[in-house]
file my_file.pdb (PDB, C-alpha atoms)
ATOM      1  CA  MET L   1     -13.316  -9.372  -6.643
ATOM      2  CA  VAL L   2     -12.840  -6.884  -3.785
ATOM      3  CA  PHE L   3     -13.926  -7.680  -0.235
ATOM      4  CA  PHE L   4     -14.451  -5.037   2.426
ATOM      5  CA  ALA L   5     -15.332  -4.735   6.076
ATOM      6  CA  LEU L   6     -17.060  -1.541   7.138
ATOM      7  CA  LEU L   7     -17.373  -0.834  10.850
ATOM      8  CA  PRO L   8     -17.664   2.908  11.529
ATOM      9  CA  ALA L   9     -17.133   2.276  15.246
ATOM     10  CA  SER L  10     -13.651   0.900  14.519
ATOM     11  CA  VAL L  11     -12.360   4.473  14.361
ATOM     12  CA  GLU L  12     -13.993   7.324  16.233
ATOM     13  CA  GLY L  13     -12.450  10.727  16.706
ATOM     14  CA  GLY L  14      -9.301   9.439  15.066
ATOM     15  CA  VAL L  15      -8.921   6.707  17.696
ATOM     16  CA  VAL L  16      -8.647   3.172  16.325
ATOM     17  CA  ARG L  17     -10.239   0.271  18.207
ATOM     18  CA  GLU L  18      -7.556  -2.348  17.765
ATOM     19  CA  ALA L  19      -9.517  -5.471  18.693
ATOM     20  CA  MET L  20     -12.218  -4.535  16.217
ATOM     21  CA  VAL L  21      -9.647  -3.865  13.490
ATOM     22  CA  LYS L  22      -8.094  -7.297  14.024
ATOM     23  CA  ARG L  23     -11.477  -8.944  13.549
ATOM     24  CA  MET L  24     -11.930  -6.962  10.333
ATOM     25  CA  VAL L  25      -8.550  -8.008   8.917
ATOM     26  CA  ASP L  26      -9.041 -11.652   9.899
ATOM     27  CA  ALA L  27     -12.507 -11.756   8.329
ATOM     28  CA  LEU L  28     -11.208 -10.246   5.094
ATOM     29  CA  VAL L  29      -8.320 -12.696   4.729
ATOM     30  CA  ILE L  30     -10.709 -15.601   5.292
ATOM     31  CA  ALA L  31     -13.134 -14.138   2.731
ATOM     32  CA  VAL L  32     -10.473 -13.595   0.044
ATOM     33  CA  SER L  33      -8.991 -17.060   0.560
ATOM     34  CA  GLY L  34     -12.303 -18.886   0.745
ATOM     35  CA  GLN L  35     -11.040 -20.906   3.718
ATOM     36  CA  ALA L  36     -12.876 -21.631   6.965
ATOM     37  CA  ASP L  37     -10.290 -20.514   9.513
ATOM     38  CA  LEU L  38      -7.518 -17.938   9.800
ATOM     39  CA  ALA L  39      -4.489 -20.249   9.717
ATOM     40  CA  SER L  40      -5.758 -22.068   6.640
ATOM     41  CA  ALA L  41      -6.582 -18.739   5.016
ATOM     42  CA  TRP L  42      -3.064 -17.373   5.399
ATOM     43  CA  LYS L  43      -1.572 -20.671   4.237
ATOM     44  CA  THR L  44      -3.126 -20.068   0.822
ATOM     45  CA  PHE L  45      -0.831 -17.032   0.474
ATOM     46  CA  VAL L  46       2.370 -18.008   2.298
ATOM     47  CA  ARG L  47       4.403 -21.032   3.393
ATOM     48  CA  PRO L  48       6.411 -21.388   6.613
ATOM     49  CA  GLN L  49       9.697 -21.216   4.703
ATOM     50  CA  ASP L  50       8.793 -17.918   2.983
ATOM     51  CA  ARG L  51      10.425 -14.643   3.894
ATOM     52  CA  VAL L  52       7.402 -12.360   3.987
ATOM     53  CA  GLY L  53       7.450  -8.588   3.752
ATOM     54  CA  ILE L  54       4.613  -6.386   4.939
ATOM     55  CA  LYS L  55       4.849  -3.232   2.834
ATOM     56  CA  VAL L  56       3.185  -0.255   4.527
ATOM     57  CA  SER L  57       2.532   3.359   3.496
ATOM     58  CA  THR L  58       3.831   5.995   5.905
ATOM     59  CA  THR L  59       4.538   9.126   3.842
ATOM     60  CA  GLY L  60       1.367  10.663   5.270
ATOM     61  CA  ALA L  61       2.258   9.866   8.887
ATOM     62  CA  PRO L  62       0.872  10.471  11.382
ATOM     63  CA  VAL L  63      -2.313  11.684   9.659
ATOM     64  CA  SER L  64      -2.917   9.265   6.795
ATOM     65  CA  SER L  65      -0.636   6.259   7.082
ATOM     66  CA  THR L  66      -1.137   2.531   7.520
ATOM     67  CA  HIS L  67      -2.418   1.948  11.047
ATOM     68  CA  PRO L  68      -0.325  -0.258  13.370
ATOM     69  CA  ALA L  69      -3.415  -2.270  14.324
ATOM     70  CA  VAL L  70      -3.874  -3.391  10.709
ATOM     71  CA  VAL L  71      -0.190  -4.305  10.370
ATOM     72  CA  GLU L  72      -0.168  -6.196  13.649
ATOM     73  CA  ALA L  73      -3.204  -8.221  12.575
ATOM     74  CA  VAL L  74      -1.427  -9.177   9.339
ATOM     75  CA  ALA L  75       1.753 -10.145  11.186
ATOM     76  CA  GLU L  76      -0.194 -12.249  13.676
ATOM     77  CA  GLY L  77      -1.923 -13.987  10.793
ATOM     78  CA  LEU L  78       1.434 -14.857   9.238
ATOM     79  CA  LEU L  79       2.540 -16.358  12.546
ATOM     80  CA  ALA L  80      -0.649 -18.411  12.632
ATOM     81  CA  ALA L  81       0.273 -19.784   9.216
ATOM     82  CA  GLY L  82       3.607 -20.971  10.566
ATOM     83  CA  VAL L  83       5.862 -18.216   9.233
ATOM     84  CA  PRO L  84       8.679 -17.727  11.783
ATOM     85  CA  ARG L  85       8.852 -14.328  13.446
ATOM     86  CA  GLY L  86      12.362 -13.863  12.043
ATOM     87  CA  ASN L  87      11.031 -14.285   8.498
ATOM     88  CA  ILE L  88       8.687 -11.296   8.760
ATOM     89  CA  VAL L  89       9.788  -7.751   7.925
ATOM     90  CA  ILE L  90       7.666  -4.584   7.988
ATOM     91  CA  TRP L  91       9.059  -1.846   5.776
ATOM     92  CA  ASP L  92       8.658   1.396   3.871
ATOM     93  CA  ARG L  93      10.997   3.962   2.353
ATOM     94  CA  SER L  94      11.856   5.989   5.473
ATOM     95  CA  GLN L  95      12.574   4.888   9.028
ATOM     96  CA  ARG L  96      11.479   8.281  10.309
ATOM     97  CA  ASP L  97       8.089   7.933   8.624
ATOM     98  CA  LEU L  98       7.675   4.436  10.072
ATOM     99  CA  ASP L  99       8.336   5.819  13.531
ATOM    100  CA  ASN L 100       5.961   8.750  12.977
ATOM    101  CA  ALA L 101       3.253   6.269  11.975
ATOM    102  CA  GLY L 102       3.642   4.475  15.315
ATOM    103  CA  LEU L 103       4.991   1.294  13.758
ATOM    104  CA  ASP L 104       8.082   1.411  15.949
ATOM    105  CA  ARG L 105       5.877  -0.075  18.672
ATOM    106  CA  LEU L 106       5.975  -3.376  16.754
ATOM    107  CA  ALA L 107       9.789  -3.390  16.636
ATOM    108  CA  PRO L 108      10.219  -5.460  19.828
ATOM    109  CA  ARG L 109       8.345  -8.333  18.161
ATOM    110  CA  PHE L 110       9.050  -7.909  14.445
ATOM    111  CA  ARG L 111      11.710  -6.397  12.225
ATOM    112  CA  VAL L 112      10.580  -2.881  11.304
ATOM    113  CA  THR L 113      12.896  -1.013   8.958
ATOM    114  CA  GLY L 114      13.104   1.706   6.378
ATOM    115  CA  THR L 115      14.898   1.133   3.101
ATOM    116  CA  ASP L 116      17.152   3.992   4.150
ATOM    117  CA  ARG L 117      18.274   1.985   7.182
ATOM    118  CA  ALA L 118      18.458  -1.434   5.500
ATOM    119  CA  GLY L 119      21.047  -0.828   2.809
ATOM    120  CA  GLY L 120      19.289   1.663   0.581
ATOM    121  CA  TYR L 121      18.779   0.719  -3.053
ATOM    122  CA  ASP L 122      20.257  -2.286  -4.815
ATOM    123  CA  GLU L 123      22.993  -1.463  -7.316
ATOM    124  CA  LYS L 124      22.013  -4.238  -9.723
ATOM    125  CA  ALA L 125      18.212  -4.129  -9.399
ATOM    126  CA  VAL L 126      17.295  -1.483 -11.964
ATOM    127  CA  ILE L 127      14.084  -0.521 -13.747
ATOM    128  CA  THR L 128      14.123   1.755 -16.780
ATOM    129  CA  ALA L 129      11.403   3.865 -18.355
ATOM    130  CA  ALA L 130      11.319   6.256 -21.291
ATOM    131  CA  VAL L 131      11.155   9.304 -19.060
ATOM    132  CA  MET L 132      13.994  11.200 -17.441
ATOM    133  CA  GLY L 133      14.166  12.231 -13.809
ATOM    134  CA  LYS L 134      16.358  14.619 -11.859
ATOM    135  CA  LEU L 135      18.518  12.805  -9.341
ATOM    136  CA  ILE L 136      18.570  14.083  -5.770
ATOM    137  CA  VAL L 137      20.376  13.196  -2.565
ATOM    138  CA  GLY L 138      19.346   9.672  -1.576
ATOM    139  CA  ASP L 139      19.159   8.361  -5.142
ATOM    140  CA  ARG L 140      21.809   5.724  -5.693
ATOM    141  CA  GLU L 141      23.342   7.335  -8.798
ATOM    142  CA  PHE L 142      23.458  10.851  -7.340
ATOM    143  CA  GLY L 143      27.003  12.029  -6.806
ATOM    144  CA  PRO L 144      29.206  15.090  -6.299
ATOM    145  CA  LYS L 145      29.184  16.113  -9.945
ATOM    146  CA  PRO L 146      28.791  19.601 -11.413
ATOM    147  CA  GLY L 147      25.483  20.531 -13.014
ATOM    148  CA  GLU L 148      22.084  18.891 -12.994
ATOM    149  CA  GLN L 149      22.077  15.102 -12.883
ATOM    150  CA  VAL L 150      19.331  13.178 -14.665
ATOM    151  CA  SER L 151      18.656   9.515 -15.346
ATOM    152  CA  SER L 152      16.104   7.186 -16.915
ATOM    153  CA  ARG L 153      16.969   4.508 -14.364
ATOM    154  CA  SER L 154      15.614   3.695 -10.919
ATOM    155  CA  HIS L 155      17.081   1.268  -8.387
ATOM    156  CA  LEU L 156      14.831  -0.931  -6.272
ATOM    157  CA  SER L 157      14.741  -1.164  -2.487
ATOM    158  CA  SER L 158      17.242  -3.630  -1.079
ATOM    159  CA  VAL L 159      14.530  -4.908   1.291
ATOM    160  CA  LEU L 160      12.239  -5.804  -1.613
ATOM    161  CA  VAL L 161      15.000  -7.322  -3.719
ATOM    162  CA  ARG L 162      17.120  -9.145  -1.130
ATOM    163  CA  ASP L 163      15.053  -9.731   2.003
ATOM    164  CA  VAL L 164      11.601 -10.947   0.954
ATOM    165  CA  ASP L 165      10.152 -13.686  -1.257
ATOM    166  CA  LYS L 166       6.507 -12.657  -0.887
ATOM    167  CA  VAL L 167       4.788  -9.409  -0.015
ATOM    168  CA  VAL L 168       1.548  -8.502   1.702
ATOM    169  CA  ASN L 169       0.991  -4.924   0.557
ATOM    170  CA  VAL L 170      -0.876  -2.796   3.122
ATOM    171  CA  PRO L 171      -1.215   0.761   1.753
ATOM    172  CA  ALA L 172      -3.281   3.525   3.315
ATOM    173  CA  LEU L 173      -5.926   5.093   1.093
ATOM    174  CA  ALA L 174      -5.196   8.696   0.131
ATOM    175  CA  ASP L 175      -5.207  10.861  -2.940
ATOM    176  CA  SER L 176      -1.845  11.707  -4.484
ATOM    177  CA  VAL L 177      -0.536  14.762  -6.288
ATOM    178  CA  PHE L 178       1.778  12.380  -8.158
ATOM    179  CA  SER L 179      -0.419   9.464  -9.257
ATOM    180  CA  GLY L 180      -3.967  10.496  -8.360
ATOM    181  CA  VAL L 181      -4.311   7.838  -5.690
ATOM    182  CA  SER L 182      -1.855   6.477  -3.168
ATOM    183  CA  GLY L 183      -2.645   2.805  -2.970
ATOM    184  CA  ALA L 184      -1.713  -0.641  -4.234
ATOM    185  CA  LEU L 185       0.374   0.140  -7.326
ATOM    186  CA  SER L 186       1.993   3.344  -6.091
ATOM    187  CA  GLY L 187       2.815   1.746  -2.738
ATOM    188  CA  MET L 188       4.832  -0.993  -4.372
ATOM    189  CA  VAL L 189       6.432   1.027  -7.182
ATOM    190  CA  LEU L 190       7.011   4.596  -6.029
ATOM    191  CA  ASP L 191       7.861   3.690  -2.443
ATOM    192  CA  ASN L 192      10.367   1.028  -3.490
ATOM    193  CA  ALA L 193      12.361   2.948  -6.098
ATOM    194  CA  ASP L 194      14.807   5.802  -6.047
ATOM    195  CA  ASN L 195      14.416   8.457  -8.771
ATOM    196  CA  TRP L 196      10.702   7.622  -8.516
ATOM    197  CA  ARG L 197       9.411  11.149  -9.220
ATOM    198  CA  ARG L 198       9.875  10.667 -12.965
ATOM    199  CA  LEU L 199       7.459   7.716 -12.917
ATOM    200  CA  ALA L 200       4.467   9.702 -11.615
ATOM    201  CA  ARG L 201       4.074  13.423 -12.218
ATOM    202  CA  GLU L 202       2.226  15.849 -14.434
ATOM    203  CA  PRO L 203       1.178  15.586 -17.186
ATOM    204  CA  HIS L 204       1.137  11.764 -17.311
ATOM    205  CA  PHE L 205       0.619  11.027 -13.571
ATOM    206  CA  GLY L 206       2.146   7.571 -14.006
ATOM    207  CA  ASP L 207       0.497   6.494 -17.255
ATOM    208  CA  PRO L 208       1.782   4.032 -18.423
ATOM    209  CA  PHE L 209       4.955   3.926 -16.334
ATOM    210  CA  LEU L 210       3.306   2.972 -13.036
ATOM    211  CA  PRO L 211       1.577  -0.203 -14.273
ATOM    212  CA  GLU L 212       4.577  -1.099 -16.438
ATOM    213  CA  ALA L 213       6.811  -1.049 -13.375
ATOM    214  CA  TYR L 214       4.302  -2.952 -11.226
ATOM    215  CA  ALA L 215       4.262  -5.700 -13.878
ATOM    216  CA  ASP L 216       7.939  -6.364 -13.134
ATOM    217  CA  PRO L 217       8.144  -9.764 -11.374
ATOM    218  CA  ARG L 218      10.515  -8.253  -8.817
ATOM    219  CA  ILE L 219       7.776  -5.804  -7.760
ATOM    220  CA  GLY L 220       4.157  -6.815  -8.352
ATOM    221  CA  GLY L 221       5.207 -10.389  -8.945
ATOM    222  CA  LYS L 222       5.980 -10.771  -5.243
ATOM    223  CA  VAL L 223       2.621  -9.459  -3.989
ATOM    224  CA  VAL L 224       0.302 -12.251  -2.849
ATOM    225  CA  LEU L 225      -2.370 -10.075  -1.217
ATOM    226  CA  THR L 226      -3.207  -6.395  -0.908
ATOM    227  CA  ILE L 227      -5.071  -5.011   2.106
ATOM    228  CA  LEU L 228      -6.156  -1.386   1.729
ATOM    229  CA  ASP L 229      -6.424   0.564   4.982
ATOM    230  CA  ALA L 230      -9.381   2.912   4.586
ATOM    231  CA  LEU L 231     -10.013   3.481   8.271
ATOM    232  CA  ARG L 232      -9.244   7.193   7.836
ATOM    233  CA  PRO L 233      -8.928   7.997   4.103
ATOM    234  CA  GLN L 234      -7.441  11.337   3.048
ATOM    235  CA  TYR L 235      -9.174  12.864   0.030
ATOM    236  CA  THR L 236      -6.907  15.824  -0.837
ATOM    237  CA  GLY L 237      -3.318  16.909  -0.254
ATOM    238  CA  GLY L 238      -1.960  13.360  -0.287
ATOM    239  CA  PRO L 239       0.199  11.434  -0.102
ATOM    240  CA  PHE L 240       1.531  13.929   2.433
ATOM    241  CA  PRO L 241      -0.290  14.443   5.750
ATOM    242  CA  GLY L 242      -3.258  16.747   5.334
ATOM    243  CA  ALA L 243      -4.869  17.373   8.690
ATOM    244  CA  GLY L 244      -8.536  18.210   8.262
ATOM    245  CA  PHE L 245      -8.910  16.234   5.041
ATOM    246  CA  ASN L 246      -9.452  12.811   6.609
ATOM    247  CA  VAL L 247     -12.714  10.951   7.034
ATOM    248  CA  ASN L 248     -13.295   8.612   9.986
ATOM    249  CA  TYR L 249     -14.725   6.016   7.651
ATOM    250  CA  GLY L 250     -13.877   2.719   9.331
ATOM    251  CA  ALA L 251     -13.314   0.434   6.345
ATOM    252  CA  ILE L 252     -10.663  -2.037   5.213
ATOM    253  CA  PHE L 253     -10.563  -3.574   1.714
ATOM    254  CA  ALA L 254      -8.722  -6.666   0.512
ATOM    255  CA  SER L 255      -8.173  -8.383  -2.817
ATOM    256  CA  ARG L 256      -5.782 -10.373  -4.951
ATOM    257  CA  ASP L 257      -6.463  -7.753  -7.657
ATOM    258  CA  PRO L 258      -4.472  -4.552  -6.962
ATOM    259  CA  VAL L 259      -6.021  -2.676  -9.894
ATOM    260  CA  ALA L 260      -9.554  -3.333  -8.671
ATOM    261  CA  LEU L 261      -8.540  -2.135  -5.204
ATOM    262  CA  ASP L 262      -7.074   1.107  -6.540
ATOM    263  CA  ALA L 263     -10.091   1.702  -8.773
ATOM    264  CA  THR L 264     -12.440   1.082  -5.849
ATOM    265  CA  GLY L 265     -10.368   3.435  -3.704
ATOM    266  CA  VAL L 266     -10.579   6.161  -6.335
ATOM    267  CA  ARG L 267     -14.353   5.857  -6.487
ATOM    268  CA  LEU L 268     -14.566   6.161  -2.712
ATOM    269  CA  LEU L 269     -12.261   9.184  -2.611
ATOM    270  CA  ASP L 270     -14.293  10.833  -5.373
ATOM    271  CA  GLU L 271     -17.379  10.602  -3.156
ATOM    272  CA  PHE L 272     -15.564  12.491  -0.409
ATOM    273  CA  ARG L 273     -14.129  14.983  -2.913
ATOM    274  CA  GLU L 274     -17.557  15.668  -4.393
ATOM    275  CA  ASP L 275     -18.916  16.447  -0.927
ATOM    276  CA  ALA L 276     -16.012  18.884  -0.462
ATOM    277  CA  GLY L 277     -16.539  20.550  -3.856
ATOM    278  CA  LEU L 278     -13.368  19.084  -5.384
ATOM    279  CA  ARG L 279     -12.856  17.656  -8.857
ATOM    280  CA  PRO L 280     -12.805  13.891  -9.408
ATOM    281  CA  LEU L 281      -9.481  12.080  -9.792
ATOM    282  CA  ALA L 282     -10.143  10.806 -13.321
ATOM    283  CA  LYS L 283      -7.508  12.999 -15.020
ATOM    284  CA  SER L 284      -4.694  11.719 -12.814
ATOM    285  CA  THR L 285      -5.701   8.040 -12.708
ATOM    286  CA  LYS L 286      -5.807   7.134 -16.391
ATOM    287  CA  TRP L 287      -3.065   4.608 -15.677
ATOM    288  CA  LEU L 288      -5.790   2.382 -14.219
ATOM    289  CA  GLU L 289      -7.086   1.787 -17.746
ATOM    290  CA  SER L 290      -3.561   0.976 -18.908
ATOM    291  CA  ALA L 291      -3.151  -1.450 -16.011
ATOM    292  CA  GLU L 292      -6.317  -3.259 -17.046
ATOM    293  CA  LEU L 293      -5.135  -3.434 -20.661
ATOM    294  CA  MET L 294      -1.866  -4.952 -19.445
ATOM    295  CA  GLY L 295      -3.782  -7.670 -17.658
ATOM    296  CA  LEU L 296      -2.825  -6.594 -14.130
ATOM    297  CA  GLY L 297      -6.448  -6.551 -12.974
ATOM    298  CA  PHE L 298      -9.811  -4.916 -13.554
ATOM    299  CA  ALA L 299     -10.535  -1.198 -13.256
ATOM    300  CA  ALA L 300     -13.929  -0.668 -14.895
ATOM    301  CA  GLU L 301     -16.688  -0.481 -12.292
ATOM    302  CA  ASP L 302     -18.899  -2.987 -14.092
ATOM    303  CA  LYS L 303     -16.066  -5.543 -13.963
ATOM    304  CA  VAL L 304     -15.297  -5.217 -10.254
ATOM    305  CA  ARG L 305     -17.504  -7.057  -7.804
ATOM    306  CA  VAL L 306     -17.320  -5.466  -4.356
ATOM    307  CA  VAL L 307     -18.497  -7.744  -1.528
ATOM    308  CA  ARG L 308     -19.058  -6.776   2.081
ATOM    309  CA  THR L 309     -18.203  -9.300   4.772
ATOM    310  CA  GLY L 310     -20.869 -10.323   7.261
ATOM    311  CA  LEU L 311     -18.785  -8.977  10.110
ATOM    312  CA  GLU L 312     -21.140  -6.088  10.806
ATOM    313  CA  GLY L 313     -23.678  -8.553  12.155
ATOM    314  CA  GLU L 314     -21.134 -10.183  14.483
ATOM    315  CA  VAL L 315     -19.630  -7.117  16.175
ATOM    316  CA  ARG L 316     -21.463  -4.919  18.641
ATOM    317  CA  TRP L 317     -20.712  -1.225  18.346
ATOM    318  CA  ASN L 318     -19.780  -0.890  21.998
ATOM    319  CA  GLN L 319     -17.015  -3.491  21.871
ATOM    320  CA  PRO L 320     -13.427  -2.204  22.364
TER     321      PRO L 320
END

call {"tool": "encode", "arguments": {"input": "my_file.pdb", "output": "structure tokens"}}
result
Amino acid sequence: MVFFALLPASVEGGVVREAMVKRMVDALVIAVSGQADLASAWKTFVRPQDRVGIKVSTTGAPVSSTHPAVVEAVAEGLLAAGVPRGNIVIWDRSQRDLDNAGLDRLAPRFRVTGTDRAGGYDEKAVITAAVMGKLIVGDREFGPKPGEQVSSRSHLSSVLVRDVDKVVNVPALADSVFSGVSGALSGMVLDNADNWRRLAREPHFGDPFLPEAYADPRIGGKVVLTILDALRPQYTGGPFPGAGFNVNYGAIFASRDPVALDATGVRLLDEFREDAGLRPLAKSTKWLESAELMGLGFAAEDKVRVVRTGLEGEVRWNQP
């Protein structure tokens, strides 16, 4: 089941109304959990002793990245559940991208770090796949050797492996030239691995390597909730910033099922792409079917129930 809050007034002219966004996030967490209040809702996902990571998507910053207002609402919810401030970390691959996304503003209150600043990639935490990739500067195994360097191995982010027990994944909805859609699965796999390019590229676009990697208990096994930021989705040119290809849509989705979220995101992006005369994303998102076959969640539209919260009746459009 996928829950969503849709308030077009939450983002107008690219400007996000933070108080409205917080109400959207809070309502979604309560809806997914089935609890009556926010603290109880978050306690169904985390415990006070947990070290909780908030994984964001900032490659498309500042155009199409996870909005600080969404992240702040998640972090405040974790505090309400009794998670100590020092047990919360907000992270993505690059510190520069985090800063460009405006998430540095949360640094005085929470730990905000890029994998590149927090120790890079763990030497012992390796995932393998039957596809080779060219190593580049920044990959752990890249070194000053003559000739082209290739590997079938990827190392995982030290933040994911060493610093967090549970993860709230908060990707921003965008298309992707690598995996068709930048969302739940790609946010946890591609953003947390070096030598990641081999896992999602033409002609396979991540099928079946993306869902196989997400199934690793060190990756998808840590995710307790996924919240998809669709306030300003980007429908072409992603996951890099594509000014002019965003829609001020004003929606946020949430689910325990990452596959259903990605499939729902693809269907939404295809609506925008059709309006712009672009082809649907079906060719580059076949891995969704593989993910469903692996039991990671549901992708077929007739198997995914999408439920809107009642928030639209509680919020006046002129509220800040």

call {"tool": "atom_distance", "arguments": {"input": "my_file.pdb", "atom1": "atom CA of L:Arg279", "atom2": "atom CA of L:Asn248"}}
result
20.9 Å

call {"tool": "resolve_selection", "arguments": {"input": "my_file.pdb", "expression": "the PyMOL selection byres ((chain L and resi 203-214) around 7)", "output": "count of residues only"}}
result
19

call {"tool": "atom_distance", "arguments": {"input": "my_file.pdb", "atom1": "atom CA of L:Glu271", "atom2": "atom CA of L:Met294"}}
result
27.3 Å

call {"tool": "atom_distance", "arguments": {"input": "my_file.pdb", "atom1": "atom CA of L:Leu231", "atom2": "atom CA of L:Pro258"}}
result
18.1 Å

call {"tool": "residues_near_point", "arguments": {"input": "my_file.pdb", "point": "(-16.6, -7.1, -8.8)", "cutoff": "12 Å", "atoms": "all atoms listed in the file", "output": "ChimeraX atom specification"}}
result
/L:1-4,255-257,259-261,263-264,297-308

call {"tool": "residues_around", "arguments": {"input": "my_file.pdb", "residues": "stretch 181-183 of chain L", "least_positions_apart": "2", "cutoff": "10 Å", "atoms": "all atoms listed in the file", "output": "PyMOL selection string"}}
result
chain L and resi 56-57+59-60+169-179+185-188+190+205+226-229+234-236+238-240+258-259+261-263+265-266+269+281+284-285

call {"tool": "write_last_selection", "arguments": {"input": "my_file.pdb", "atoms": "C-alpha atoms", "output": "mmCIF file, keeping the file's coordinate frame"}}
result
data_model
loop_
_atom_site.group_PDB
_atom_site.id
_atom_site.type_symbol
_atom_site.label_atom_id
_atom_site.label_comp_id
_atom_site.auth_asym_id
_atom_site.auth_seq_id
_atom_site.Cartn_x
_atom_site.Cartn_y
_atom_site.Cartn_z
ATOM 1 C CA VAL L 56 3.185 -0.255 4.527
ATOM 2 C CA SER L 57 2.532 3.359 3.496
ATOM 3 C CA THR L 59 4.538 9.126 3.842
ATOM 4 C CA GLY L 60 1.367 10.663 5.270
ATOM 5 C CA ASN L 169 0.991 -4.924 0.557
ATOM 6 C CA VAL L 170 -0.876 -2.796 3.122
ATOM 7 C CA PRO L 171 -1.215 0.761 1.753
ATOM 8 C CA ALA L 172 -3.281 3.525 3.315
ATOM 9 C CA LEU L 173 -5.926 5.093 1.093
ATOM 10 C CA ALA L 174 -5.196 8.696 0.131
ATOM 11 C CA ASP L 175 -5.207 10.861 -2.940
ATOM 12 C CA SER L 176 -1.845 11.707 -4.484
ATOM 13 C CA VAL L 177 -0.536 14.762 -6.288
ATOM 14 C CA PHE L 178 1.778 12.380 -8.158
ATOM 15 C CA SER L 179 -0.419 9.464 -9.257
ATOM 16 C CA LEU L 185 0.374 0.140 -7.326
ATOM 17 C CA SER L 186 1.993 3.344 -6.091
ATOM 18 C CA GLY L 187 2.815 1.746 -2.738
ATOM 19 C CA MET L 188 4.832 -0.993 -4.372
ATOM 20 C CA LEU L 190 7.011 4.596 -6.029
ATOM 21 C CA PHE L 205 0.619 11.027 -13.571
ATOM 22 C CA THR L 226 -3.207 -6.395 -0.908
ATOM 23 C CA ILE L 227 -5.071 -5.011 2.106
ATOM 24 C CA LEU L 228 -6.156 -1.386 1.729
ATOM 25 C CA ASP L 229 -6.424 0.564 4.982
ATOM 26 C CA GLN L 234 -7.441 11.337 3.048
ATOM 27 C CA TYR L 235 -9.174 12.864 0.030
ATOM 28 C CA THR L 236 -6.907 15.824 -0.837
ATOM 29 C CA GLY L 238 -1.960 13.360 -0.287
ATOM 30 C CA PRO L 239 0.199 11.434 -0.102
ATOM 31 C CA PHE L 240 1.531 13.929 2.433
ATOM 32 C CA PRO L 258 -4.472 -4.552 -6.962
ATOM 33 C CA VAL L 259 -6.021 -2.676 -9.894
ATOM 34 C CA LEU L 261 -8.540 -2.135 -5.204
ATOM 35 C CA ASP L 262 -7.074 1.107 -6.540
ATOM 36 C CA ALA L 263 -10.091 1.702 -8.773
ATOM 37 C CA GLY L 265 -10.368 3.435 -3.704
ATOM 38 C CA VAL L 266 -10.579 6.161 -6.335
ATOM 39 C CA LEU L 269 -12.261 9.184 -2.611
ATOM 40 C CA LEU L 281 -9.481 12.080 -9.792
ATOM 41 C CA SER L 284 -4.694 11.719 -12.814
ATOM 42 C CA THR L 285 -5.701 8.040 -12.708
#

call {"tool": "resolve_selection", "arguments": {"input": "my_file.pdb", "expression": "the PyMOL selection byres ((chain L and resi 167) around 7)", "output": "list of chain:residue names"}}
result
L:Val52, L:Gly53, L:Ile54, L:Lys55, L:Asp165, L:Lys166, L:Val168, L:Asn169, L:Lys222, L:Val223, L:Val224

call {"tool": "residues_around", "arguments": {"input": "my_file.pdb", "residues": "L:Arg109", "least_positions_apart": "5", "cutoff": "12 Å", "atoms": "only C-alpha atoms", "output": "PyMOL selection string"}}
result
chain L and resi 72+75-76+79+84-90+103-104

call {"tool": "residues_around", "arguments": {"input": "my_file.pdb", "residues": "L:Met132", "least_positions_apart": "3", "cutoff": "9 Å", "atoms": "all atoms listed in the file", "output": "list in words"}}
result
Ala129, Val150, Ser151, Ser152, Arg153, Arg198 and Leu199 of chain L

call {"tool": "write_last_selection", "arguments": {"input": "my_file.pdb", "atoms": "C-alpha atoms", "output": "CSV table (one decimal), in the coordinates of the input"}}
result
chain,number,residue,atom,x,y,z
L,129,ALA,CA,11.4,3.9,-18.4
L,150,VAL,CA,19.3,13.2,-14.7
L,151,SER,CA,18.7,9.5,-15.3
L,152,SER,CA,16.1,7.2,-16.9
L,153,ARG,CA,17.0,4.5,-14.4
L,198,ARG,CA,9.9,10.7,-13.0
L,199,LEU,CA,7.5,7.7,-12.9

call {"tool": "closest_residue", "arguments": {"input": "my_file.pdb", "among": "L:Ala80, L:Trp196, L:Ala73, L:Arg111", "to": "L:Gly133", "atoms": "all atoms listed in the file"}}
result
L:Trp196

call {"tool": "resolve_selection", "arguments": {"input": "my_file.pdb", "expression": "the PyMOL selection byres ((chain L and resi 94) around 8)", "output": "PDB file with C-alpha atoms, in the coordinates of the input"}}
result
ATOM      1  CA  ASP L  92       8.658   1.396   3.871  1.00  0.00           C
ATOM      2  CA  ARG L  93      10.997   3.962   2.353  1.00  0.00           C
ATOM      3  CA  GLN L  95      12.574   4.888   9.028  1.00  0.00           C
ATOM      4  CA  ARG L  96      11.479   8.281  10.309  1.00  0.00           C
ATOM      5  CA  ASP L  97       8.089   7.933   8.624  1.00  0.00           C
ATOM      6  CA  LEU L  98       7.675   4.436  10.072  1.00  0.00           C
ATOM      7  CA  THR L 113      12.896  -1.013   8.958  1.00  0.00           C
ATOM      8  CA  GLY L 114      13.104   1.706   6.378  1.00  0.00           C
ATOM      9  CA  THR L 115      14.898   1.133   3.101  1.00  0.00           C
ATOM     10  CA  ASP L 116      17.152   3.992   4.150  1.00  0.00           C
ATOM     11  CA  ARG L 117      18.274   1.985   7.182  1.00  0.00           C
TER      12      ARG L 117
END
